[in-house]
Amino acid sequence: MDVLVLDGREIARLLPVAECIPVMEAALRALAQGEALLPLRTVLWNPERSGALAAMPAYLGTPRAFAVKVITVFPGNTHVDPHQGAVLLFDAGDGRLLAILDATEVTAIRTAAVSGVATQALAVEGARTLALIGSSTQARTHLAAVRAVRPIEEVRVFSRSHEKARAFAARESERHGFEVRVCGSAEEAVRGAQVVCTVTSSRTPVVAGEWLSPGAHVNAVGASIAAARELDAAAVARARLYVDRRESALAEAGDFLQARAEGAVDDAHIVGELGELLLGRLEGRRDAREITLFKSVGIAVEDLAAAHEIHRRAQASGAGARVSLGGHPPG
């Protein structure tokens, strides 16, 4: 049977971040309505703990499909992206493998799009100042996502590598047509920002709660294991907290879990899931001075929904290459 293979460039062209935001909204609503099945991700670390192999399967009822994302995560990578792998999309009716997609680009797009959903739902209307902590691929896609839902006019970026921050700022300033300013510290970037996105590979806090201004919205994205965090306990405690999936957050969200271990919060601090908020089951921002926080760990149903939409668009446009992989009838 023919299987469609799509590389990162084709994926980025087929599903820009802004166009992925409504796809993620639909997936999160389906999850909250019980139309999705997904176990916690399986993670296998190498003996040195320098990298891991993870498998993330999911089933989605609308649109009906199976998928699994298989990735390696090596946070110390400098020569290639820390995330490498593939998303395998299957037909839920007969099990045929339909497509193999570059997981690096799928992850970059869907993660930022979910943060776009959260920003749309929780950030103050008219937010114009964005702080990016980190200058990686996710910084690029998060800038696009936040600009798609809020009239951002000022962007600040901080990275542990000043050289990478400067390169990011130059590239994105040209792309978006306004200056992206490099800051000398995370505190300088965060203070006064109305939207803050943490997109680092740090295992220790890079943002302190005391830096957050009244009314700020935070998308905490980089830490997706219990042993890593980007926010200190005060930042979590000060904020009204929403998650992509409660079960995943209670197992994997180091920002929350470590704040809980320090006694700053308890499980009741999680207001609920983003999909529940979209369905109107939860109250969102209550006033213009409240600090809100979306803690993302990344879930497989997001990869599935993105892969399904990319596959649909690829079929319509004739994009991608086709290879023959199994699926031949018996005899």
# chains A, B, ... in the order shown; residues from 1 in each chain; ligands from 1
$ select_by_dssp --residues "segment 11-232 of chain A" --states "alpha helix (DSSP H)" --output "ChimeraX atom specification"
/A:11-14,17-32,103-122,137-149,162-176,186-190
$ select_by_dssp --residues "segment 63-279 of chain A" --states "strand (DSSP E)" --output "VMD selection string"
chain A and resid 65 to 73 83 to 90 97 to 102 129 to 133 154 to 158 180 to 182 195 to 198 217 to 220 240 to 243 270 to 273
$ write_last_selection --atoms "N, CA and C atoms" --output "compact mmCIF listing (two decimals), in the first residue's frame"
# COMPACT_ATOMS: atom_id res chain seq x y z
N ALA A 65 -9.45 8.59 13.76
CA ALA A 65 -8.10 8.22 13.33
C ALA A 65 -7.29 7.70 14.50
N PHE A 66 -6.26 6.93 14.17
CA PHE A 66 -5.23 6.51 15.10
C PHE A 66 -3.92 7.20 14.71
N ALA A 67 -3.08 7.46 15.70
CA ALA A 67 -1.73 7.92 15.38
C ALA A 67 -0.82 7.61 16.56
N VAL A 68 0.46 7.57 16.26
CA VAL A 68 1.46 7.47 17.32
C VAL A 68 2.64 8.35 16.93
N LYS A 69 3.12 9.12 17.89
CA LYS A 69 4.34 9.89 17.68
C LYS A 69 5.47 9.17 18.41
N VAL A 70 6.54 8.93 17.68
CA VAL A 70 7.73 8.31 18.27
C VAL A 70 8.87 9.30 18.09
N ILE A 71 9.43 9.75 19.21
CA ILE A 71 10.47 10.78 19.15
C ILE A 71 11.62 10.46 20.10
N THR A 72 12.77 11.04 19.77
CA THR A 72 13.85 11.12 20.73
C THR A 72 13.97 12.57 21.17
N VAL A 73 14.33 12.76 22.43
CA VAL A 73 14.52 14.09 22.98
C VAL A 73 15.91 14.14 23.62
N HIS A 83 14.41 17.64 19.37
CA HIS A 83 13.33 16.68 19.13
C HIS A 83 13.46 16.09 17.73
N GLN A 84 13.54 14.77 17.63
CA GLN A 84 13.63 14.08 16.34
C GLN A 84 12.64 12.91 16.34
N GLY A 85 12.04 12.64 15.20
CA GLY A 85 11.16 11.48 15.14
C GLY A 85 10.12 11.58 14.05
N ALA A 86 9.06 10.79 14.22
CA ALA A 86 8.01 10.71 13.20
C ALA A 86 6.65 10.55 13.85
N VAL A 87 5.65 11.09 13.18
CA VAL A 87 4.26 10.82 13.53
C VAL A 87 3.71 9.86 12.48
N LEU A 88 3.18 8.75 12.95
CA LEU A 88 2.59 7.74 12.06
C LEU A 88 1.07 7.84 12.16
N LEU A 89 0.43 8.11 11.03
CA LEU A 89 -1.03 8.26 10.98
C LEU A 89 -1.64 7.02 10.35
N PHE A 90 -2.63 6.44 11.03
CA PHE A 90 -3.27 5.20 10.58
C PHE A 90 -4.76 5.42 10.34
N LEU A 97 -1.52 2.08 7.37
CA LEU A 97 -0.63 3.21 7.61
C LEU A 97 -0.83 4.21 6.47
N LEU A 98 -1.27 5.41 6.82
CA LEU A 98 -1.59 6.42 5.82
C LEU A 98 -0.44 7.37 5.53
N ALA A 99 0.28 7.76 6.59
CA ALA A 99 1.29 8.80 6.39
C ALA A 99 2.37 8.72 7.46
N ILE A 100 3.56 9.17 7.07
CA ILE A 100 4.68 9.35 7.98
C ILE A 100 5.07 10.82 7.90
N LEU A 101 5.02 11.51 9.03
CA LEU A 101 5.26 12.95 9.05
C LEU A 101 6.44 13.28 9.97
N ASP A 102 7.19 14.28 9.56
CA ASP A 102 8.32 14.75 10.38
C ASP A 102 7.80 15.27 11.71
N THR A 129 2.43 43.14 24.54
CA THR A 129 3.83 42.89 24.88
C THR A 129 4.04 41.40 25.14
N LEU A 130 5.00 40.82 24.43
CA LEU A 130 5.30 39.39 24.54
C LEU A 130 6.74 39.20 24.96
N ALA A 131 6.94 38.34 25.97
CA ALA A 131 8.29 37.93 26.37
C ALA A 131 8.49 36.47 26.01
N LEU A 132 9.56 36.19 25.30
CA LEU A 132 9.94 34.83 24.94
C LEU A 132 11.19 34.47 25.72
N ILE A 133 11.11 33.44 26.53
CA ILE A 133 12.27 32.95 27.26
C ILE A 133 12.72 31.68 26.54
N GLU A 154 5.28 44.62 20.76
CA GLU A 154 6.61 44.60 21.37
C GLU A 154 6.97 43.17 21.74
N VAL A 155 8.10 42.70 21.26
CA VAL A 155 8.56 41.35 21.55
C VAL A 155 9.95 41.43 22.16
N ARG A 156 10.12 40.76 23.29
CA ARG A 156 11.41 40.68 23.95
C ARG A 156 11.83 39.22 24.01
N VAL A 157 13.10 38.95 23.83
CA VAL A 157 13.59 37.58 23.89
C VAL A 157 14.82 37.52 24.77
N PHE A 158 14.89 36.46 25.56
CA PHE A 158 16.09 36.18 26.34
C PHE A 158 16.45 34.72 26.15
N VAL A 180 12.40 42.81 17.25
CA VAL A 180 12.40 41.88 18.37
C VAL A 180 13.64 42.24 19.20
N ARG A 181 13.43 42.61 20.45
CA ARG A 181 14.51 43.13 21.28
C ARG A 181 15.14 42.04 22.13
N VAL A 182 16.45 41.96 22.10
CA VAL A 182 17.18 41.02 22.93
C VAL A 182 17.39 41.62 24.31
N VAL A 195 2.10 38.86 27.93
CA VAL A 195 2.13 37.44 27.60
C VAL A 195 3.57 36.97 27.73
N VAL A 196 3.77 35.85 28.41
CA VAL A 196 5.10 35.27 28.62
C VAL A 196 5.06 33.82 28.14
N CYS A 197 6.00 33.45 27.30
CA CYS A 197 6.13 32.06 26.84
C CYS A 197 7.51 31.54 27.24
N THR A 198 7.55 30.47 28.02
CA THR A 198 8.82 29.84 28.37
C THR A 198 8.99 28.61 27.49
N HIS A 217 -0.36 36.72 31.29
CA HIS A 217 -0.68 35.33 30.97
C HIS A 217 0.61 34.62 30.61
N VAL A 218 0.81 33.41 31.15
CA VAL A 218 2.03 32.64 30.93
C VAL A 218 1.69 31.32 30.24
N ASN A 219 2.42 31.02 29.18
CA ASN A 219 2.41 29.69 28.57
C ASN A 219 3.72 29.02 28.93
N ALA A 220 3.68 28.03 29.82
CA ALA A 220 4.88 27.30 30.25
C ALA A 220 4.96 26.01 29.45
N ARG A 240 -3.67 31.52 38.12
CA ARG A 240 -4.83 30.65 37.91
C ARG A 240 -4.42 29.64 36.85
N LEU A 241 -4.34 28.37 37.23
CA LEU A 241 -3.64 27.35 36.44
C LEU A 241 -4.58 26.47 35.63
N TYR A 242 -4.29 26.36 34.33
CA TYR A 242 -5.01 25.47 33.42
C TYR A 242 -3.98 24.54 32.77
N VAL A 243 -4.43 23.34 32.39
CA VAL A 243 -3.52 22.35 31.80
C VAL A 243 -4.14 21.79 30.53
N ILE A 270 -5.14 23.30 40.26
CA ILE A 270 -5.44 23.14 38.83
C ILE A 270 -6.92 23.43 38.61
N VAL A 271 -7.21 24.52 37.93
CA VAL A 271 -8.60 24.87 37.66
C VAL A 271 -9.26 23.82 36.78
N GLY A 272 -8.53 23.34 35.78
CA GLY A 272 -9.07 22.31 34.89
C GLY A 272 -8.34 22.31 33.56
N GLU A 273 -8.91 21.61 32.61
CA GLU A 273 -8.29 21.44 31.30
C GLU A 273 -8.74 22.54 30.34
$ closest_residue --among "A:His79, A:Arg246, A:Arg140, A:Arg191" --to "Val297 of chain A" --atoms "only C-alpha atoms"
A:Arg246
$ closest_atom_pairs --of "segment 64-147 of chain A" --to "segment 20-35 of chain A" --cutoff "9 Å" --atoms "only C-alpha atoms" --output "Markdown table"
| residue | atom | partner | partner_atom | distance |
| --- | --- | --- | --- | --- |
| A:Ile109 | CA | A:Cys20 | CA | 7.2 |
| A:Arg110 | CA | A:Cys20 | CA | 6.7 |
| A:Ala112 | CA | A:Ile21 | CA | 8.4 |
| A:Ala113 | CA | A:Ile21 | CA | 4.6 |
| A:Val114 | CA | A:Met24 | CA | 5.9 |
| A:Ser115 | CA | A:Ile21 | CA | 8.6 |
| A:Gly116 | CA | A:Ile21 | CA | 6.3 |
| A:Val117 | CA | A:Ile21 | CA | 6.1 |
| A:Ala145 | CA | A:Ile21 | CA | 7.7 |
$ closest_residue --among "A:Ala208, A:Gly134, A:Ser201, A:Val106" --to "Asp7 of chain A" --atoms "only C-alpha atoms"
A:Val106
$ closest_residue --among "A:Ala103, A:Ala251, A:Val206, A:Met56" --to "Ala235 of chain A" --atoms "only C-alpha atoms"
A:Val206
$ closest_residue --among "A:Arg9, A:Arg260, A:His142, A:Lys295" --to "Glu230 of chain A" --atoms "only C-alpha atoms"
A:Lys295
$ closest_atom_pairs --of "segment 230-275 of chain A" --to "segment 301-306 of chain A" --cutoff "12 Å" --atoms "only C-alpha atoms" --output "Markdown table"
| residue | atom | partner | partner_atom | distance |
| --- | --- | --- | --- | --- |
| A:Asp244 | CA | A:Glu302 | CA | 9.7 |
| A:Arg245 | CA | A:Val301 | CA | 10.4 |
| A:Gly275 | CA | A:Glu302 | CA | 11.8 |
$ closest_residue --among "A:Gly209, A:Pro214, A:Gly318, A:Pro47" --to "Ala264 of chain A" --atoms "only C-alpha atoms"
A:Gly209
$ closest_residue --among "A:Arg285, A:Arg64, A:Arg96, A:Arg128" --to "Val3 of chain A" --atoms "only C-alpha atoms"
A:Arg96
$ residues_around --residues "Ala228 of chain A" --least-positions-apart "3" --cutoff "10 Å" --atoms "only C-alpha atoms" --output "ChimeraX atom specification"
/A:201-205,222-225,231,252-255,257-258
$ residues_around --residues "Ala52 of chain A" --least-positions-apart "2" --cutoff "8 Å" --atoms "only C-alpha atoms" --output "mmCIF file with N, CA and C atoms, in the first residue's frame"
data_model
loop_
_atom_site.group_PDB
_atom_site.id
_atom_site.type_symbol
_atom_site.label_atom_id
_atom_site.label_comp_id
_atom_site.auth_asym_id
_atom_site.auth_seq_id
_atom_site.Cartn_x
_atom_site.Cartn_y
_atom_site.Cartn_z
ATOM 1 N N VAL A 43 8.277 6.619 28.179
ATOM 2 C CA VAL A 43 9.578 7.257 28.003
ATOM 3 C C VAL A 43 10.681 6.304 28.452
ATOM 4 N N LEU A 44 11.663 6.094 27.578
ATOM 5 C CA LEU A 44 12.823 5.267 27.879
ATOM 6 C C LEU A 44 14.072 6.126 27.800
ATOM 7 N N TRP A 45 14.767 6.300 28.947
ATOM 8 C CA TRP A 45 15.980 7.103 28.998
ATOM 9 C C TRP A 45 17.199 6.245 28.707
ATOM 10 N N ASN A 46 18.195 6.861 28.070
ATOM 11 C CA ASN A 46 19.461 6.150 27.903
ATOM 12 C C ASN A 46 20.196 6.122 29.248
ATOM 13 N N ARG A 49 21.220 9.351 30.831
ATOM 14 C CA ARG A 49 20.135 10.314 31.049
ATOM 15 C C ARG A 49 20.327 11.580 30.211
ATOM 16 N N SER A 50 21.044 11.451 29.103
ATOM 17 C CA SER A 50 21.245 12.594 28.224
ATOM 18 C C SER A 50 20.176 12.680 27.142
ATOM 19 N N ALA A 54 10.566 8.383 23.316
ATOM 20 C CA ALA A 54 9.200 8.456 23.827
ATOM 21 C C ALA A 54 8.209 8.013 22.755
ATOM 22 N N THR A 72 12.768 11.040 19.770
ATOM 23 C CA THR A 72 13.854 11.118 20.730
ATOM 24 C C THR A 72 13.970 12.572 21.174
ATOM 25 N N VAL A 73 14.332 12.760 22.430
ATOM 26 C CA VAL A 73 14.524 14.092 22.982
ATOM 27 C C VAL A 73 15.910 14.141 23.616
ATOM 28 N N PHE A 74 16.796 14.956 23.037
ATOM 29 C CA PHE A 74 18.143 15.151 23.548
ATOM 30 C C PHE A 74 18.328 16.642 23.808
#
$ atom_distance --atom1 "atom CA of Gly61 of chain A" --atom2 "atom CA of Ala36 of chain A"
6.0 Å
$ atom_distance --atom1 "atom CA of Ala12 of chain A" --atom2 "atom CA of Asp91 of chain A"
22.8 Å
$ atom_distance --atom1 "atom CA of Glu210 of chain A" --atom2 "atom CA of Ala226 of chain A"
23.0 Å
$ residues_around --residues "Arg166 of chain A" --least-positions-apart "3" --cutoff "9 Å" --atoms "only C-alpha atoms" --output "PyMOL selection string"
chain A and resi 135+157+161-163+169-171+181-182
